[in-house]
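Structure, as structure tokens:
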Amino acid sequence: MTTGALIFARNNEQIDYVAMAHWSAKNIERHLGIPTHIVTNDAPSTNTRHFTDVGTVTWHNHNRMDAYRLTPWERTLVLDADYVVASDQLKSVLEADQDFLAHKQAYDVTGSNNFQGLNTFGDNCMPMWWATVMMFRKSKQAELIFDSMQMIRDNWNHYRALYKNSKSTYRNDHALSIALGIANGHTLDHAGIPWQLASLTPEHRLTQLDPDSYRVDYINTENKPRWITLTQDFHAMGKQQLGEIVANTC
Amino acid sequence: MDTENLISHARARFDHESAKRTLREKYQAKLIFAYAGGMWQAGPELINILTASLESGQQGLVLLDLYETPIMVDYKELLKLVRERWQEQLNAWLIEYETLNQNR
């Protein structure tokens, strides 16, 4: 079965996502031994999204559901450009006998933020699936999930109201969560990646120690400076800091 | 103990427990691996069932993986993989845990 990774990347005013994606592609090749294609011709967007580290920026993130149509591989790993591959952990996901997998839960690697609010969406606290890492193989089930995501994106206001989602900006995570519900008969019962998505929020300082280890400096609840070393894959939600690491590496 | 000390102690406990939980998340992920089309987590339960099968000289074994899919496994091969992963990751976990305790 042919296997590869897809990264969707389009630069905005503050972040060089394409450079980030190229950097990530090298890590993917090194750890997972698979090729990466970078998709850069995202559909035009008038949406904006606010990030605590870079402020309000244009949000180009509307065509993730095209992954199914664009991929040249039978088995595809779709990654956010800001997902750092620092181990071969995702190999097990690529070897799993499943049509579609994503993370159902994320956690803060420093333990200082409770992600309960981020692991759900809408007033009814529907469980949120993270589109940061998605594995799919060409199959009826995966096609249905991506087609559903497209339907949800095209009718976003309807689904936003249906799920009582107060956030007006379209998010792939929300569309994926709704799509998985549709594809699974609204049972909330879908196989996921069997570990939580390690995440790093923007207020913490991220620096690279060596190619696969990173230092995170943070302030704990006692207001004391602390640091940890990350030697695992993680989602760098502080895009500016990751951008600096990428710029210094390339 | 005055209130300030009590608050400080509670916060320190909170931080320590958070760090322990984070370590657990990290190593629980590292204990997971794919084998024979299934997803498995190395741990005492899996080691015990595989060891028992080995001792009874059983031919072929069907186990439920993490997705509750029944899979026929070569238990000798799987036992070797599980033991290796369990030891490797638990040793690394112990080292990080001891460092965490020293930092307290």
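Chain lettering (A, B, ...) mirrors the order of the structure tokens, residue numbering begins at 1 for each chain separately, and ligand numbering begins at 1 in order of display.
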
Within 12 Å of chain A: each chain B residue with its shortest pair, only C-alpha atoms, as CSV:
residue,atom,partner,partner_atom,distance
B:Glu4,CA,A:Glu222,CA,11.4
B:Asn5,CA,A:Glu222,CA,11.6
B:Ile7,CA,A:Glu222,CA,9.1
B:Ser8,CA,A:Glu222,CA,6.9
B:His9,CA,A:Glu222,CA,9.4
B:Ala10,CA,A:Glu222,CA,9.5
B:Arg11,CA,A:Glu222,CA,6.0
B:Ala12,CA,A:Glu222,CA,7.0
B:Arg13,CA,A:Thr221,CA,10.2
B:Phe14,CA,A:Thr221,CA,8.0
B:Asp15,CA,A:Asn220,CA,6.8
B:His16,CA,A:Gly111,CA,9.5
B:Glu17,CA,A:Gly111,CA,8.8
B:Ser18,CA,A:Gly111,CA,5.0
B:Ala19,CA,A:Gly111,CA,6.3
B:Lys20,CA,A:Gly111,CA,9.1
B:Arg21,CA,A:Gly111,CA,7.8
B:Thr22,CA,A:Val109,CA,5.9
B:Leu23,CA,A:Val109,CA,8.6
B:Arg24,CA,A:Trp195,CA,10.8
B:Glu25,CA,A:Gln196,CA,7.1
B:Lys26,CA,A:Gln232,CA,7.5
B:Tyr27,CA,A:Gln232,CA,9.6
B:Gln28,CA,A:Trp195,CA,7.2
B:Ala29,CA,A:Trp195,CA,5.2
B:Lys30,CA,A:Gln89,CA,6.9
B:Leu31,CA,A:Gln89,CA,9.6
B:Ile32,CA,A:Ser92,CA,7.5
B:Phe33,CA,A:Ser92,CA,5.2
B:Ala34,CA,A:Ser92,CA,4.7
B:Tyr35,CA,A:Glu95,CA,7.7
B:Ala36,CA,A:Ala96,CA,8.6
B:Gly37,CA,A:Asp97,CA,5.0
B:Gly38,CA,A:Ala96,CA,5.7
B:Met39,CA,A:Ala96,CA,6.2
B:Trp40,CA,A:Ser92,CA,9.3
B:Gln41,CA,A:Pro194,CA,9.2
B:Asp65,CA,A:Ala96,CA,10.4
B:Leu66,CA,A:Pro194,CA,7.6
B:Tyr67,CA,A:Ala191,CA,6.7
B:Glu68,CA,A:Ala191,CA,9.8
B:Thr69,CA,A:Asp97,CA,9.5
B:Pro70,CA,A:Asp97,CA,11.7
B:Ile71,CA,A:Asp97,CA,10.7
B:Ala92,CA,A:Thr231,CA,11.3
B:Glu96,CA,A:Thr229,CA,9.8
B:Tyr97,CA,A:Ile228,CA,11.9
B:Thr99,CA,A:Ile228,CA,10.4
B:Leu100,CA,A:Ile228,CA,9.4
B:Asn103,CA,A:Arg226,CA,9.4
B:Arg104,CA,A:Arg226,CA,10.8

Pick out the residues sitting within 9 Å of Trp23 in chain A, and hand them over as a PyMOL selection string; count only C-alpha atoms, and ignore anything fewer than 2 positions along from it in its own chain.
chain A and resi 18-21+25-28+81+246+249-250

Just to be explicit: take each residue in the selection above, keep N, CA and C atoms, and write the result as a PDB file, in the first residue's frame.
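Written output follows (selection.pdb):
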ATOM      1  N   VAL A  18       4.663  27.735   4.862  1.00  0.00           N
ATOM      2  CA  VAL A  18       5.297  26.896   3.827  1.00  0.00           C
ATOM      3  C   VAL A  18       6.686  26.454   4.300  1.00  0.00           C
ATOM      4  N   ALA A  19       7.436  27.389   4.893  1.00  0.00           N
ATOM      5  CA  ALA A  19       8.752  27.020   5.436  1.00  0.00           C
ATOM      6  C   ALA A  19       8.589  25.978   6.543  1.00  0.00           C
ATOM      7  N   MET A  20       7.572  26.178   7.358  1.00  0.00           N
ATOM      8  CA  MET A  20       7.284  25.239   8.449  1.00  0.00           C
ATOM      9  C   MET A  20       6.995  23.844   7.881  1.00  0.00           C
ATOM     10  N   ALA A  21       6.226  23.815   6.792  1.00  0.00           N
ATOM     11  CA  ALA A  21       5.848  22.542   6.176  1.00  0.00           C
ATOM     12  C   ALA A  21       7.077  21.838   5.577  1.00  0.00           C
ATOM     13  N   ALA A  25       8.462  18.292   6.693  1.00  0.00           N
ATOM     14  CA  ALA A  25       8.625  17.198   5.719  1.00  0.00           C
ATOM     15  C   ALA A  25       9.943  16.452   5.937  1.00  0.00           C
ATOM     16  N   LYS A  26      10.983  17.189   6.311  1.00  0.00           N
ATOM     17  CA  LYS A  26      12.276  16.538   6.586  1.00  0.00           C
ATOM     18  C   LYS A  26      12.168  15.645   7.815  1.00  0.00           C
ATOM     19  N   ASN A  27      11.482  16.126   8.836  1.00  0.00           N
ATOM     20  CA  ASN A  27      11.293  15.312  10.053  1.00  0.00           C
ATOM     21  C   ASN A  27      10.468  14.059   9.749  1.00  0.00           C
ATOM     22  N   ILE A  28       9.459  14.223   8.901  1.00  0.00           N
ATOM     23  CA  ILE A  28       8.586  13.092   8.549  1.00  0.00           C
ATOM     24  C   ILE A  28       9.392  12.029   7.803  1.00  0.00           C
ATOM     25  N   ALA A  81       0.858  22.057   9.679  1.00  0.00           N
ATOM     26  CA  ALA A  81       2.255  22.479   9.514  1.00  0.00           C
ATOM     27  C   ALA A  81       2.920  22.702  10.869  1.00  0.00           C
ATOM     28  N   VAL A 246      12.182  27.189  12.971  1.00  0.00           N
ATOM     29  CA  VAL A 246      12.294  26.783  11.566  1.00  0.00           C
ATOM     30  C   VAL A 246      13.241  27.726  10.822  1.00  0.00           C
ATOM     31  N   THR A 249      16.777  27.025  11.633  1.00  0.00           N
ATOM     32  CA  THR A 249      17.262  25.714  11.197  1.00  0.00           C
ATOM     33  C   THR A 249      17.561  25.701   9.710  1.00  0.00           C
ATOM     34  N   CYS A 250      16.671  26.344   8.938  1.00  0.00           N
ATOM     35  CA  CYS A 250      16.783  26.253   7.476  1.00  0.00           C
ATOM     36  C   CYS A 250      17.964  27.078   6.951  1.00  0.00           C
TER      37      CYS A 250
END

Please report the interatomic distance between CA of Tyr83 in chain A and CA of Ile145 in chain A in Å with one decimal.
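Separating CA of Tyr83 in chain A from CA of Ile145 in chain A is a distance of 21.9 Å.
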
Could you state the separation of CA of Ile219 in chain A and CA of Gln240 in chain A in Å, given to one decimal place?
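Spanning CA of Ile219 in chain A to CA of Gln240 in chain A is a straight-line distance of 18.9 Å.
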
Quick one: residues within 10 Å of Leu78 in chain B, only C-alpha atoms, excluding same-chain residues fewer than 5 positions away - as a PyMOL selection string?
chain B and resi 35-36+40+42+46-47+50+73+83-84

Counting only C-alpha atoms, the residue among A:Asn114, A:Thr76, A:Ser24, A:Asn157 that lies closest to Thr3 in chain A is A:Thr76

Among the residues of range 11-198 of chain A, find those DSSP assigns to strand (DSSP E or B) from the backbone and print them as number ranges by chain.
A: 36-39, 48-51, 55-58, 75-80, 83-84, 100-103, 106-108, 120-121, 126-127, 130-137, 197-198

Using C-alpha atoms, can you export the residues from the last selection as a PDB file, in the first residue's frame?
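Okay, out12.pdb is ready:
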ATOM      1  CA  THR A  36       5.439  14.478   1.937  1.00  0.00           C
ATOM      2  CA  HIS A  37       3.438  16.632  -0.453  1.00  0.00           C
ATOM      3  CA  ILE A  38       2.779  20.221   0.545  1.00  0.00           C
ATOM      4  CA  VAL A  39      -0.499  21.758  -0.623  1.00  0.00           C
ATOM      5  CA  THR A  48      -9.566  35.911  10.313  1.00  0.00           C
ATOM      6  CA  ARG A  49      -8.544  34.208  13.520  1.00  0.00           C
ATOM      7  CA  HIS A  50      -6.907  35.576  16.635  1.00  0.00           C
ATOM      8  CA  PHE A  51      -3.849  33.927  18.178  1.00  0.00           C
ATOM      9  CA  GLY A  55      -2.549  38.605  16.942  1.00  0.00           C
ATOM     10  CA  THR A  56      -5.330  38.569  14.350  1.00  0.00           C
ATOM     11  CA  VAL A  57      -4.323  37.068  11.028  1.00  0.00           C
ATOM     12  CA  THR A  58      -5.985  35.886   7.833  1.00  0.00           C
ATOM     13  CA  ARG A  75      -2.770   5.643   2.858  1.00  0.00           C
ATOM     14  CA  THR A  76      -2.277   9.269   3.847  1.00  0.00           C
ATOM     15  CA  LEU A  77      -1.187  11.097   6.937  1.00  0.00           C
ATOM     16  CA  VAL A  78      -2.529  14.673   6.979  1.00  0.00           C
ATOM     17  CA  LEU A  79      -0.635  16.907   9.373  1.00  0.00           C
ATOM     18  CA  ASP A  80      -0.884  20.546  10.402  1.00  0.00           C
ATOM     19  CA  TYR A  83       2.681  19.593  14.282  1.00  0.00           C
ATOM     20  CA  VAL A  84       6.233  18.634  15.216  1.00  0.00           C
ATOM     21  CA  PHE A 100      -9.715   6.922   9.398  1.00  0.00           C
ATOM     22  CA  LEU A 101      -8.024   8.023  12.615  1.00  0.00           C
ATOM     23  CA  ALA A 102      -7.632  11.340  14.419  1.00  0.00           C
ATOM     24  CA  HIS A 103      -7.033  12.513  17.973  1.00  0.00           C
ATOM     25  CA  ALA A 106      -5.469  16.956  23.553  1.00  0.00           C
ATOM     26  CA  TYR A 107      -3.563  17.967  26.682  1.00  0.00           C
ATOM     27  CA  ASP A 108      -1.143  20.687  27.706  1.00  0.00           C
ATOM     28  CA  THR A 120     -15.367  20.096  23.246  1.00  0.00           C
ATOM     29  CA  PHE A 121     -17.224  22.617  21.103  1.00  0.00           C
ATOM     30  CA  MET A 126     -19.942  18.075  21.848  1.00  0.00           C
ATOM     31  CA  PRO A 127     -16.709  16.059  21.863  1.00  0.00           C
ATOM     32  CA  TRP A 130      -8.646  17.330  16.330  1.00  0.00           C
ATOM     33  CA  ALA A 131      -7.879  17.667  12.610  1.00  0.00           C
ATOM     34  CA  THR A 132      -4.200  18.318  13.480  1.00  0.00           C
ATOM     35  CA  VAL A 133      -3.266  14.704  12.685  1.00  0.00           C
ATOM     36  CA  MET A 134      -5.496  12.605  10.439  1.00  0.00           C
ATOM     37  CA  MET A 135      -4.718   9.220   8.935  1.00  0.00           C
ATOM     38  CA  PHE A 136      -6.964   7.815   6.238  1.00  0.00           C
ATOM     39  CA  ARG A 137      -6.864   5.178   3.593  1.00  0.00           C
ATOM     40  CA  LEU A 197      -2.432  14.935  21.357  1.00  0.00           C
ATOM     41  CA  ALA A 198       0.458  16.573  23.212  1.00  0.00           C
TER      42      ALA A 198
END

How would you write, as a PyMOL selection string, the set of residues in range 40-179 of chain A that DSSP gives as alpha helix (DSSP H)?
chain A and resi 67-70+91-95+140-154+156-162+172-179

Polymer residues at most 8 Å from range 68-71 of chain A, only C-alpha atoms, same-chain spacing of 4 or more positions, as a ChimeraX atom specification
/A:6,76,138,142-143,146

Residues as selected, N, CA and C atoms, written as a tab-separated table (two decimals), in the first residue's frame, can you do that?
chain	number	residue	atom	x	y	z
A	6	LEU	N	0.57	14.53	3.78
A	6	LEU	CA	0.12	15.77	3.15
A	6	LEU	C	0.14	16.87	4.21
A	76	THR	N	-2.79	7.90	3.73
A	76	THR	CA	-2.28	9.27	3.85
A	76	THR	C	-2.31	9.76	5.29
A	138	LYS	N	-7.77	5.16	1.38
A	138	LYS	CA	-8.83	5.28	0.38
A	138	LYS	C	-9.90	4.24	0.68
A	142	ALA	N	-13.75	6.79	4.61
A	142	ALA	CA	-12.96	8.02	4.61
A	142	ALA	C	-13.56	9.03	3.62
A	143	GLU	N	-14.02	8.55	2.48
A	143	GLU	CA	-14.62	9.44	1.48
A	143	GLU	C	-15.87	10.12	2.05
A	146	PHE	N	-14.82	12.91	4.48
A	146	PHE	CA	-14.34	14.14	3.82
A	146	PHE	C	-15.47	14.84	3.05

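Of the listed residues (A:Asp210, A:Asp147, A:Asp217, A:Asp82), A:Asp82 comes nearest to Gly238 in chain A; the distances count only C-alpha atoms.
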
Determine, counting only C-alpha atoms, which protein, DNA and RNA residues have an atom within 10 Å of an atom of Ser166 in chain A; residues of the same chain fewer than 3 positions away are not included. Present the result as a PyMOL selection string.
chain A and resi 121-123+160-161+163+169
